[in-house]
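Pasting data-v8.txt here (compact mmCIF, C-alpha atoms):
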```
# COMPACT_ATOMS: atom_id res chain seq x y z
CA MET J 6 -36.47 -16.41 14.70
CA ASN J 7 -38.40 -19.01 12.73
CA GLY J 8 -36.82 -21.18 10.08
CA PHE J 9 -38.33 -19.33 7.10
CA ALA J 10 -37.05 -15.94 8.25
CA ALA J 11 -33.61 -17.45 8.86
CA LEU J 12 -33.60 -19.02 5.37
CA GLY J 13 -34.57 -15.60 3.97
CA ILE J 14 -31.54 -14.00 5.64
CA LEU J 15 -29.32 -16.80 4.31
CA LEU J 16 -30.61 -16.29 0.77
CA GLY J 17 -30.14 -12.52 1.07
CA LEU J 18 -26.56 -12.99 2.25
CA VAL J 19 -25.75 -15.38 -0.60
CA ALA J 20 -27.32 -12.92 -3.11
CA VAL J 21 -25.33 -9.93 -1.80
CA VAL J 22 -22.02 -11.81 -1.75
CA THR J 23 -22.69 -13.23 -5.25
CA ALA J 24 -23.40 -9.71 -6.55
CA ALA J 25 -20.16 -8.46 -4.97
CA GLY J 26 -18.25 -11.34 -6.55
CA LEU J 27 -19.74 -10.72 -10.02
CA LEU J 28 -18.94 -7.00 -9.75
CA TRP J 29 -15.37 -7.81 -8.73
CA ARG J 30 -14.96 -10.27 -11.62
CA ALA J 31 -16.29 -7.73 -14.14
CA THR J 32 -13.96 -4.93 -13.03
CA THR J 33 -10.77 -6.65 -11.87
CA GLY J 34 -7.73 -6.44 -14.13
CA ARG J 35 -9.21 -3.72 -16.37
CA ALA J 36 -6.86 -0.92 -17.39
CA ARG J 37 -8.11 2.53 -16.42
CA THR J 38 -6.74 5.67 -18.02
CA VAL J 39 -4.96 7.99 -15.58
CA ARG J 40 -4.73 11.75 -16.21
CA THR J 41 -3.00 12.96 -13.06
CA HIS J 42 0.37 13.65 -14.78
CA ASP J 43 2.09 11.88 -11.89
CA VAL J 44 5.68 11.20 -12.95
CA VAL J 45 7.55 8.26 -11.40
CA ILE J 46 11.34 8.46 -11.02
CA PRO J 47 13.23 5.11 -11.26
CA ALA J 48 15.24 5.85 -8.09
CA GLU J 49 12.16 6.24 -5.89
CA ILE J 50 11.06 2.68 -6.60
CA GLY J 51 14.59 1.30 -6.53
CA VAL J 52 15.18 0.36 -10.19
CA ASP J 53 18.02 1.45 -12.47
CA GLY J 54 15.89 2.75 -15.30
CA PHE J 55 12.64 2.49 -17.22
CA GLY J 56 11.79 1.11 -20.63
CA GLY J 57 12.64 3.27 -23.63
CA ARG J 58 8.99 3.58 -24.65
CA ALA J 59 6.90 2.28 -21.76
CA THR J 60 7.23 0.53 -18.41
CA LEU J 61 4.86 -1.93 -16.73
CA LEU J 62 5.38 -1.17 -13.04
CA GLN J 63 3.87 -3.95 -10.96
CA PHE J 64 3.32 -3.75 -7.19
CA SER J 65 3.08 -7.08 -5.38
CA THR J 66 3.01 -8.45 -1.87
CA GLU J 67 4.38 -11.60 -0.33
CA PHE J 68 1.17 -13.61 0.08
CA CYS J 69 -0.34 -12.89 -3.33
CA ALA J 70 -1.08 -15.68 -5.79
CA PRO J 71 -2.40 -13.48 -8.68
CA CYS J 72 0.83 -11.42 -8.43
CA ARG J 73 2.77 -14.43 -9.75
CA SER J 74 0.50 -14.93 -12.78
CA THR J 75 0.49 -11.17 -13.48
CA ALA J 76 4.31 -11.12 -13.35
CA ARG J 77 4.37 -13.86 -16.02
CA VAL J 78 1.86 -12.02 -18.22
CA LEU J 79 3.77 -8.71 -17.98
CA ASP J 80 7.17 -10.40 -18.49
CA ASP J 81 5.89 -11.99 -21.70
CA LEU J 82 4.51 -8.65 -22.94
CA ALA J 83 7.77 -6.84 -22.14
CA ALA J 84 9.69 -9.48 -24.08
CA ASP J 85 7.23 -9.19 -26.96
CA VAL J 86 6.88 -5.41 -27.39
CA ASP J 87 9.98 -3.34 -28.27
CA GLY J 88 11.10 -0.73 -25.72
CA VAL J 89 8.77 -2.00 -22.99
CA THR J 90 10.12 -3.30 -19.68
CA HIS J 91 8.49 -4.91 -16.65
CA ALA J 92 9.49 -3.88 -13.11
CA GLU J 93 8.10 -5.56 -10.00
CA VAL J 94 8.22 -4.02 -6.53
CA ASP J 95 7.30 -5.95 -3.37
CA LEU J 96 5.34 -3.64 -1.09
CA THR J 97 6.15 -5.85 1.89
CA ASP J 98 9.62 -4.29 1.78
CA ARG J 99 8.42 -0.80 0.74
CA PRO J 100 5.12 -0.01 2.52
CA GLU J 101 5.65 3.74 1.92
CA LEU J 102 5.17 3.12 -1.82
CA ALA J 103 1.68 1.73 -1.15
CA THR J 104 0.84 5.06 0.46
CA ARG J 105 2.60 7.08 -2.27
CA PHE J 106 0.56 5.42 -5.04
CA GLY J 107 -2.62 4.79 -3.04
CA ILE J 108 -2.47 1.03 -3.59
CA LEU J 109 -5.31 -0.89 -1.93
CA GLN J 110 -4.91 -4.24 -3.66
CA THR J 111 -2.16 -6.37 -5.16
CA PRO J 112 -1.25 -6.81 -7.86
CA THR J 113 -1.65 -3.21 -9.00
CA THR J 114 0.13 -2.31 -12.23
CA LEU J 115 0.93 1.21 -13.42
CA VAL J 116 1.60 1.71 -17.12
CA LEU J 117 4.25 4.43 -17.48
CA ASP J 118 5.11 6.18 -20.74
CA ALA J 119 8.66 7.02 -21.92
CA THR J 120 8.87 10.00 -19.52
CA GLY J 121 7.80 7.90 -16.51
CA ALA J 122 4.36 9.54 -16.38
CA VAL J 123 1.54 7.27 -15.13
CA ARG J 124 -0.84 6.73 -18.06
CA ALA J 125 -2.96 3.77 -16.93
CA ARG J 126 -3.64 1.76 -13.82
CA ILE J 127 -4.63 -1.90 -13.57
CA GLY J 128 -6.02 -3.18 -10.27
CA GLY J 129 -5.99 -6.98 -9.97
CA ALA J 130 -4.63 -9.74 -12.19
CA ALA J 131 -3.61 -8.15 -15.50
CA ARG J 132 -5.46 -9.28 -18.66
CA PRO J 133 -2.92 -9.70 -21.49
CA ASP J 134 -5.19 -8.33 -24.27
CA ASP J 135 -6.16 -5.31 -22.18
CA VAL J 136 -2.52 -4.47 -21.37
CA ARG J 137 -1.56 -4.86 -25.03
CA LEU J 138 -4.33 -2.45 -26.12
CA THR J 139 -3.27 0.06 -23.46
CA LEU J 140 0.36 -0.16 -24.61
CA HIS J 141 -0.65 0.40 -28.22
CA ARG J 142 -2.73 3.40 -27.21
CA ILE J 143 0.13 4.98 -25.22
CA LEU J 144 2.83 4.17 -27.77
CA GLY J 145 0.55 5.34 -30.58
CA SER J 146 -0.23 8.69 -29.00
CA ASP J 147 3.50 9.21 -28.37
CA HIS J 148 4.11 8.84 -32.09
CA VAL J 149 1.39 11.40 -32.79
CA SER J 150 2.76 13.97 -30.37
CA ALA J 151 6.39 13.41 -31.41
CA MET L 9 11.87 -8.51 -7.26
CA SER L 10 10.41 -11.00 -4.84
CA GLN L 11 10.93 -14.72 -5.01
CA PRO L 12 8.62 -17.16 -3.27
CA ASP L 13 10.09 -19.06 -0.36
CA PRO L 14 12.36 -21.77 -1.88
CA SER L 15 10.90 -24.45 0.41
CA ALA L 16 7.49 -23.67 -1.11
CA ARG L 17 8.69 -23.92 -4.70
CA THR L 18 6.88 -27.21 -5.31
CA GLY L 19 3.49 -25.46 -5.12
CA ILE L 20 -0.03 -26.75 -4.68
CA ASP L 21 -2.97 -27.27 -7.01
CA PRO L 22 -4.83 -23.90 -6.84
CA ARG L 23 -8.16 -25.76 -6.94
CA SER L 24 -7.42 -27.44 -3.59
CA PRO L 25 -7.86 -24.33 -1.37
CA ARG L 26 -10.97 -23.34 -3.35
CA PHE L 27 -12.44 -26.81 -2.78
CA GLY L 28 -11.71 -26.47 0.94
CA ALA L 29 -13.21 -22.96 1.03
CA GLY L 30 -16.39 -24.43 -0.53
CA ILE L 31 -16.78 -26.93 2.34
CA THR L 32 -16.03 -24.15 4.85
CA ALA L 33 -18.64 -21.86 3.22
CA VAL L 34 -21.35 -24.57 3.48
CA LEU L 35 -20.45 -25.24 7.14
CA LEU L 36 -20.56 -21.51 7.93
CA LEU L 37 -23.96 -21.15 6.25
CA ILE L 38 -25.30 -24.04 8.37
CA ASP L 39 -23.75 -22.37 11.41
CA LEU L 40 -25.42 -19.05 10.61
CA PHE L 41 -28.78 -20.83 10.22
CA LEU L 42 -28.40 -22.58 13.60
CA SER L 43 -27.48 -19.30 15.25
CA LEU L 44 -30.44 -17.44 13.68
CA VAL L 45 -33.06 -20.03 14.70
CA GLY L 46 -31.80 -19.98 18.30
CA ALA L 47 -29.82 -23.24 18.39
CA THR L 48 -27.07 -21.15 19.97
CA THR L 49 -25.10 -23.92 21.66
CA ALA L 50 -24.96 -26.00 18.49
CA ALA L 51 -23.93 -22.89 16.52
CA ALA L 52 -21.15 -22.06 18.99
CA VAL L 53 -19.81 -25.63 18.92
CA LEU L 54 -19.87 -25.75 15.11
CA LEU L 55 -18.09 -22.37 14.88
CA LEU L 56 -15.47 -23.69 17.32
CA VAL L 57 -14.94 -26.74 15.06
CA ILE L 58 -14.61 -24.44 12.02
CA ALA L 59 -12.15 -22.21 13.93
CA LEU L 60 -10.06 -25.28 14.89
CA LEU L 61 -9.98 -26.34 11.22
CA PHE L 62 -8.77 -22.82 10.30
CA ALA L 63 -6.10 -23.15 13.03
CA TRP L 64 -5.02 -26.48 11.52
CA GLY L 65 -4.54 -24.85 8.11
CA ALA L 66 -2.87 -21.76 9.55
CA PHE L 67 -0.34 -23.55 11.77
CA ALA L 68 0.26 -26.88 10.01
CA GLY L 69 0.09 -25.32 6.52
CA ILE L 70 -2.63 -25.61 3.90
CA ARG L 71 -1.11 -28.81 2.51
CA ARG L 72 -1.63 -30.72 5.77
CA HIS L 73 -5.24 -29.53 6.14
CA PRO L 74 -7.80 -32.39 6.09
CA TYR L 75 -9.64 -30.76 3.13
CA GLY L 76 -6.35 -30.71 1.20
CA VAL L 77 -5.86 -34.41 1.96
CA LEU L 78 -9.47 -35.10 0.91
CA PHE L 79 -8.94 -33.13 -2.31
CA ARG L 80 -5.82 -35.10 -3.23
CA ALA L 81 -7.41 -38.45 -2.36
CA VAL L 82 -10.90 -38.04 -3.89
CA ILE L 83 -11.21 -34.97 -6.16
CA ARG L 84 -7.76 -34.53 -7.74
CA PRO L 85 -7.67 -37.97 -9.48
CA ARG L 86 -10.94 -37.09 -11.27
CA LEU L 87 -9.68 -33.76 -12.66
CA ALA L 88 -7.31 -32.80 -15.44
CA PRO L 89 -3.81 -31.88 -14.22
CA PRO L 90 -3.56 -28.27 -13.01
CA THR L 91 -2.35 -25.75 -15.62
CA GLU L 92 -0.14 -24.11 -13.02
CA LEU L 93 0.84 -24.59 -9.41
CA GLU L 94 0.38 -22.00 -6.69
CA ASP L 95 2.48 -20.83 -3.77
CA PRO L 96 0.92 -22.37 -0.60
CA ALA L 97 1.72 -19.23 1.48
CA PRO L 98 -1.30 -17.10 0.42
CA PRO L 99 -3.99 -19.71 1.21
CA THR L 100 -2.19 -20.54 4.46
CA PHE L 101 -2.33 -16.85 5.40
CA ALA L 102 -6.03 -16.80 4.46
CA GLN L 103 -6.59 -19.65 6.94
CA ALA L 104 -5.09 -17.45 9.65
CA VAL L 105 -7.51 -14.64 8.68
CA GLY L 106 -10.41 -17.12 8.94
CA LEU L 107 -9.14 -18.18 12.37
CA LEU L 108 -8.96 -14.53 13.45
CA VAL L 109 -12.55 -13.74 12.34
CA THR L 110 -14.13 -16.88 13.84
CA GLY L 111 -11.91 -16.69 16.94
CA VAL L 112 -12.86 -13.08 17.69
CA GLY L 113 -16.52 -14.00 17.15
CA LEU L 114 -16.28 -16.88 19.64
CA VAL L 115 -14.43 -14.82 22.26
CA LEU L 116 -16.99 -11.99 22.03
CA PHE L 117 -19.83 -14.53 22.19
CA VAL L 118 -18.41 -16.16 25.31
CA SER L 119 -17.92 -12.74 26.92
CA GLY L 120 -21.61 -11.94 26.47
CA VAL L 121 -22.14 -10.52 22.97
CA PRO L 122 -24.66 -12.97 21.44
CA LEU L 123 -24.77 -11.17 18.07
CA ALA L 124 -21.03 -11.81 17.58
CA LEU L 125 -21.80 -15.43 16.64
CA PRO L 126 -24.00 -14.82 13.55
CA ILE L 127 -21.91 -11.80 12.49
CA ALA L 128 -18.64 -13.74 12.59
CA ALA L 129 -20.26 -16.65 10.73
CA ALA L 130 -21.65 -14.28 8.05
CA LEU L 131 -18.32 -12.45 7.56
CA ALA L 132 -16.33 -15.69 7.36
CA PHE L 133 -18.97 -17.12 4.98
CA ALA L 134 -18.61 -14.10 2.66
CA ALA L 135 -14.82 -14.55 2.51
CA ALA L 136 -14.99 -18.35 2.02
CA PHE L 137 -17.71 -18.05 -0.64
CA LEU L 138 -15.82 -15.37 -2.62
CA ASN L 139 -12.69 -17.49 -2.45
CA SER L 140 -14.41 -20.70 -3.51
CA VAL L 141 -16.73 -19.41 -6.25
CA PHE L 142 -14.80 -16.42 -7.63
CA GLY L 143 -11.20 -17.15 -6.62
CA TYR L 144 -11.09 -13.83 -4.76
CA CYS L 145 -8.70 -14.00 -1.81
CA LEU L 146 -9.83 -11.51 0.84
CA GLY L 147 -7.03 -12.54 3.19
CA CYS L 148 -4.46 -11.52 0.57
CA GLN L 149 -5.94 -8.00 0.36
CA LEU L 150 -6.04 -7.74 4.15
CA TYR L 151 -2.35 -8.60 4.17
CA LEU L 152 -1.61 -5.54 2.01
CA LEU L 153 -3.67 -3.29 4.29
CA LEU L 154 -1.69 -4.60 7.29
CA VAL L 155 1.55 -3.92 5.43
CA ARG L 156 0.31 -0.40 4.67
CA ALA L 157 -0.56 0.17 8.32
CA ARG L 158 3.03 -0.98 9.14
CA LEU L 159 1.58 -3.73 11.33
CA ILE L 160 3.44 -6.35 9.33
CA ARG L 161 7.09 -5.97 8.55
CA ARG L 162 9.20 -8.61 6.95
CA ARG L 163 12.18 -9.69 9.02
CA VAL L 164 15.04 -7.35 8.17
CA ASP L 165 18.33 -9.14 7.52
CA ALA L 166 20.56 -7.66 10.18
```

What would the structure in this file look like if it were written as structure tokens?
Amino acid sequence: MNGFAALGILLGLVAVVTAAGLLWRATTGRARTVRTHDVVIPAEIGVDGFGGRATLLQFSTEFCAPCRSTARVLDDLAADVDGVTHAEVDLTDRPELATRFGILQTPTTLVLDATGAVRARIGGAARPDDVRLTLHRILGSDHVSA
Amino acid sequence: MSQPDPSARTGIDPRSPRFGAGITAVLLLIDLFLSLVGATTAAAVLLLVIALLFAWGAFAGIRRHPYGVLFRAVIRPRLAPPTELEDPAPPTFAQAVGLLVTGVGLVLFVSGVPLALPIAAALAFAAAFLNSVFGYCLGCQLYLLLVRARLIRRRVDA
């Protein structure tokens, strides 16, 4: 192959990987609404109980740097918003939970309402403002339906 | 709740592994170019050097890697202090993933699969580039998939 063709392949590779990186950066950490009515029971993930109004259920793994920053973000939010708790589960110890919840990346955070139903899902490092908005939406709709 | 390994509590500057991944990405791009234009021997030797550097990071730990030393000596003094420190285990694991990809490429190449060389270089480049430019750690996601496949199990206290 001549040098120009090889440079063309190099440029193409860099372009594709850059596009993948930009796509990842735009979508990671965004909260997506979940409507599956999947209800999580505290015992199945090994915690004593959930928050009175909402629970931020975070799945982590051992070698996961963004899991640490997400844990800090969610801890702060749980301390800040009444009736909200943060639970963290290490999938290294509980691989069956990764299958149960279809988790393909860590951290993945599920936002549970007061009944333990999954209401939103956040793949990647959680964005504080996005989580706060999601909590307000879930807590707000609970007030409406109550 | 998981706690990081206590011996790793000191942490590293998260910019150090990204700086190292940047050097690795440039080297892999050069390697891919050499392999594409037919400088196969040079490409194989360079990929071997890159694989040995991955092995250094994977077995000696990311902190003892030459790029980490270079970062602390030359780059770190010119930057503001890091806002937070990072557990060295994830980037060390990522070095092992890099070693696996380049190592498999070299073994296949030596056993008569010439295309393995540019493919391994391109895959490793994609991972190193994403890590350096976007802070996306592919090795960390692979770790989860291995856990899911039950190929990795943490030592059970027994």

Contact residues (chain L, partner chain J, 10 Å, only C-alpha atoms) as a PyMOL selection string: chain L and resi 9-13+22+37-38+40-46+92-102+130-131+133-135+137-139+141-158+160-164

Residues within 10 Å of Val53 in chain L, please, as a PyMOL selection string. Count all atoms listed in the file; anything in the same chain fewer than 5 positions from it doesn't count. chain L and resi 39+48+58-59+114

Kindly export the residues of the current selection with C-alpha atoms, as a PDB file, keeping the file's coordinate frame.
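Done, and the output landed in selection32.pdb:
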```pdb
ATOM      1  CA  ASP L  39     -23.750 -22.370  11.410  1.00  0.00           C
ATOM      2  CA  THR L  48     -27.070 -21.150  19.970  1.00  0.00           C
ATOM      3  CA  ILE L  58     -14.610 -24.440  12.020  1.00  0.00           C
ATOM      4  CA  ALA L  59     -12.150 -22.210  13.930  1.00  0.00           C
ATOM      5  CA  LEU L 114     -16.280 -16.880  19.640  1.00  0.00           C
TER       6      LEU L 114
END
```

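CA of Ile46 in chain J is positioned 24.9 Å from CA of Asp135 in chain J.
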
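Of the listed residues (J:Leu61, J:Ala36, J:Val136, J:Ile50), J:Leu61 comes nearest to Asp118 in chain J; the distances count all atoms listed in the file.
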
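Distances from J:Gly88, J:Gly51, J:Gly34, J:Gly128 to Leu140 in chain J were compared using only C-alpha atoms, and the smallest one belongs to J:Gly88.
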
Which one is closest to His141 in chain J: J:Leu115, J:Ala24, J:Val39, J:Val89? Count only C-alpha atoms.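 Among the listed residues, the smallest separation from His141 in chain J belongs to J:Val89.
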
Taking 2 positions as the minimum chain separation for residues in the same chain, which residues sit within 8 Å of Gly106 in chain L when counting all atoms listed in the file? Answer as a PDB file with C-alpha atoms, in the frame of the given file.
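Below is the file that was written, around.pdb:
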```
ATOM      1  CA  ALA L  59     -12.150 -22.210  13.930  1.00  0.00           C
ATOM      2  CA  PHE L  62      -8.770 -22.820  10.300  1.00  0.00           C
ATOM      3  CA  ALA L 102      -6.030 -16.800   4.460  1.00  0.00           C
ATOM      4  CA  GLN L 103      -6.590 -19.650   6.940  1.00  0.00           C
ATOM      5  CA  ALA L 104      -5.090 -17.450   9.650  1.00  0.00           C
ATOM      6  CA  LEU L 108      -8.960 -14.530  13.450  1.00  0.00           C
ATOM      7  CA  VAL L 109     -12.550 -13.740  12.340  1.00  0.00           C
ATOM      8  CA  THR L 110     -14.130 -16.880  13.840  1.00  0.00           C
ATOM      9  CA  ALA L 132     -16.330 -15.690   7.360  1.00  0.00           C
TER      10      ALA L 132
END
```

Within 12 Å of (18.2, 1.0, -22.8) (file coordinates; only C-alpha atoms), which protein or nucleic acid residues are there? I'd like them as a PyMOL selection string. chain J and resi 53-60+87-90+119

Between CA of Asp81 in chain J and CA of Leu138 in chain J, what distance in Å does the model show, to one decimal?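 About the pair CA of Asp81 in chain J and CA of Leu138 in chain J: they are 14.7 Å apart.
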
CA of Ile83 in chain L and CA of Arg23 in chain L are how many Å apart? 9.7 Å

Repaired coordinates for range 83-114 of chain L (N, CA and C atoms) as a JSON list (two decimals), keeping the file's coordinate frame:
```
[["chain", "number", "residue", "atom", "x", "y", "z"],
["L", 83, "ILE", "N", -10.84, -35.88, -5.07],
["L", 83, "ILE", "CA", -11.21, -34.97, -6.16],
["L", 83, "ILE", "C", -10.13, -34.91, -7.24],
["L", 84, "ARG", "N", -8.87, -34.73, -6.81],
["L", 84, "ARG", "CA", -7.76, -34.53, -7.74],
["L", 84, "ARG", "C", -7.65, -35.61, -8.81],
["L", 85, "PRO", "N", -7.80, -36.92, -8.45],
["L", 85, "PRO", "CA", -7.67, -37.97, -9.48],
["L", 85, "PRO", "C", -8.74, -37.88, -10.57],
["L", 86, "ARG", "N", -9.86, -37.18, -10.29],
["L", 86, "ARG", "CA", -10.94, -37.09, -11.27],
["L", 86, "ARG", "C", -10.81, -35.86, -12.17],
["L", 87, "LEU", "N", -9.83, -35.01, -11.90],
["L", 87, "LEU", "CA", -9.68, -33.76, -12.66],
["L", 87, "LEU", "C", -8.49, -33.84, -13.60],
["L", 88, "ALA", "N", -8.49, -32.93, -14.58],
["L", 88, "ALA", "CA", -7.31, -32.80, -15.44],
["L", 88, "ALA", "C", -6.18, -32.22, -14.59],
["L", 89, "PRO", "N", -4.91, -32.45, -15.00],
["L", 89, "PRO", "CA", -3.81, -31.88, -14.22],
["L", 89, "PRO", "C", -3.92, -30.36, -14.17],
["L", 90, "PRO", "N", -3.46, -29.73, -13.10],
["L", 90, "PRO", "CA", -3.56, -28.27, -13.01],
["L", 90, "PRO", "C", -2.68, -27.60, -14.06],
["L", 91, "THR", "N", -3.15, -26.45, -14.61],
["L", 91, "THR", "CA", -2.35, -25.75, -15.62],
["L", 91, "THR", "C", -1.15, -25.07, -14.98],
["L", 92, "GLU", "N", -1.29, -24.66, -13.72],
["L", 92, "GLU", "CA", -0.14, -24.11, -13.02],
["L", 92, "GLU", "C", -0.27, -24.37, -11.53],
["L", 93, "LEU", "N", 0.85, -24.37, -10.85],
["L", 93, "LEU", "CA", 0.84, -24.59, -9.41],
["L", 93, "LEU", "C", 0.91, -23.24, -8.70],
["L", 94, "GLU", "N", 0.48, -23.25, -7.44],
["L", 94, "GLU", "CA", 0.38, -22.00, -6.69],
["L", 94, "GLU", "C", 1.20, -22.08, -5.42],
["L", 95, "ASP", "N", 1.75, -20.95, -5.02],
["L", 95, "ASP", "CA", 2.48, -20.83, -3.77],
["L", 95, "ASP", "C", 1.52, -21.13, -2.60],
["L", 96, "PRO", "N", 1.86, -22.05, -1.69],
["L", 96, "PRO", "CA", 0.92, -22.37, -0.60],
["L", 96, "PRO", "C", 0.83, -21.26, 0.46],
["L", 97, "ALA", "N", 1.73, -20.25, 0.43],
["L", 97, "ALA", "CA", 1.72, -19.23, 1.48],
["L", 97, "ALA", "C", 0.44, -18.40, 1.51],
["L", 98, "PRO", "N", -0.08, -17.91, 0.35],
["L", 98, "PRO", "CA", -1.30, -17.10, 0.42],
["L", 98, "PRO", "C", -2.50, -17.82, 1.03],
["L", 99, "PRO", "N", -2.85, -19.05, 0.57],
["L", 99, "PRO", "CA", -3.99, -19.71, 1.21],
["L", 99, "PRO", "C", -3.75, -20.05, 2.67],
["L", 100, "THR", "N", -2.49, -20.29, 3.04],
["L", 100, "THR", "CA", -2.19, -20.54, 4.46],
["L", 100, "THR", "C", -2.46, -19.28, 5.28],
["L", 101, "PHE", "N", -2.06, -18.12, 4.72],
["L", 101, "PHE", "CA", -2.33, -16.85, 5.40],
["L", 101, "PHE", "C", -3.84, -16.62, 5.51],
["L", 102, "ALA", "N", -4.57, -16.97, 4.44],
["L", 102, "ALA", "CA", -6.03, -16.80, 4.46],
["L", 102, "ALA", "C", -6.67, -17.64, 5.56],
["L", 103, "GLN", "N", -6.09, -18.83, 5.83],
["L", 103, "GLN", "CA", -6.59, -19.65, 6.94],
["L", 103, "GLN", "C", -6.43, -18.92, 8.26],
["L", 104, "ALA", "N", -5.32, -18.21, 8.42],
["L", 104, "ALA", "CA", -5.09, -17.45, 9.65],
["L", 104, "ALA", "C", -6.12, -16.32, 9.78],
["L", 105, "VAL", "N", -6.48, -15.69, 8.65],
["L", 105, "VAL", "CA", -7.51, -14.64, 8.68],
["L", 105, "VAL", "C", -8.85, -15.24, 9.10],
["L", 106, "GLY", "N", -9.17, -16.42, 8.56],
["L", 106, "GLY", "CA", -10.41, -17.12, 8.94],
["L", 106, "GLY", "C", -10.42, -17.44, 10.42],
["L", 107, "LEU", "N", -9.26, -17.88, 10.94],
["L", 107, "LEU", "CA", -9.14, -18.18, 12.37],
["L", 107, "LEU", "C", -9.37, -16.92, 13.19],
["L", 108, "LEU", "N", -8.82, -15.80, 12.73],
["L", 108, "LEU", "CA", -8.96, -14.53, 13.45],
["L", 108, "LEU", "C", -10.44, -14.13, 13.53],
["L", 109, "VAL", "N", -11.15, -14.18, 12.39],
["L", 109, "VAL", "CA", -12.55, -13.74, 12.34],
["L", 109, "VAL", "C", -13.43, -14.63, 13.22],
["L", 110, "THR", "N", -13.29, -15.97, 13.06],
["L", 110, "THR", "CA", -14.13, -16.88, 13.84],
["L", 110, "THR", "C", -13.72, -16.86, 15.31],
["L", 111, "GLY", "N", -12.40, -16.73, 15.56],
["L", 111, "GLY", "CA", -11.91, -16.69, 16.94],
["L", 111, "GLY", "C", -12.42, -15.48, 17.70],
["L", 112, "VAL", "N", -12.35, -14.30, 17.06],
["L", 112, "VAL", "CA", -12.86, -13.08, 17.69],
["L", 112, "VAL", "C", -14.36, -13.21, 17.95],
["L", 113, "GLY", "N", -15.09, -13.78, 16.98],
["L", 113, "GLY", "CA", -16.52, -14.00, 17.15],
["L", 113, "GLY", "C", -16.82, -14.86, 18.35],
["L", 114, "LEU", "N", -16.06, -15.97, 18.51],
["L", 114, "LEU", "CA", -16.28, -16.88, 19.64],
["L", 114, "LEU", "C", -15.96, -16.21, 20.96]]
```
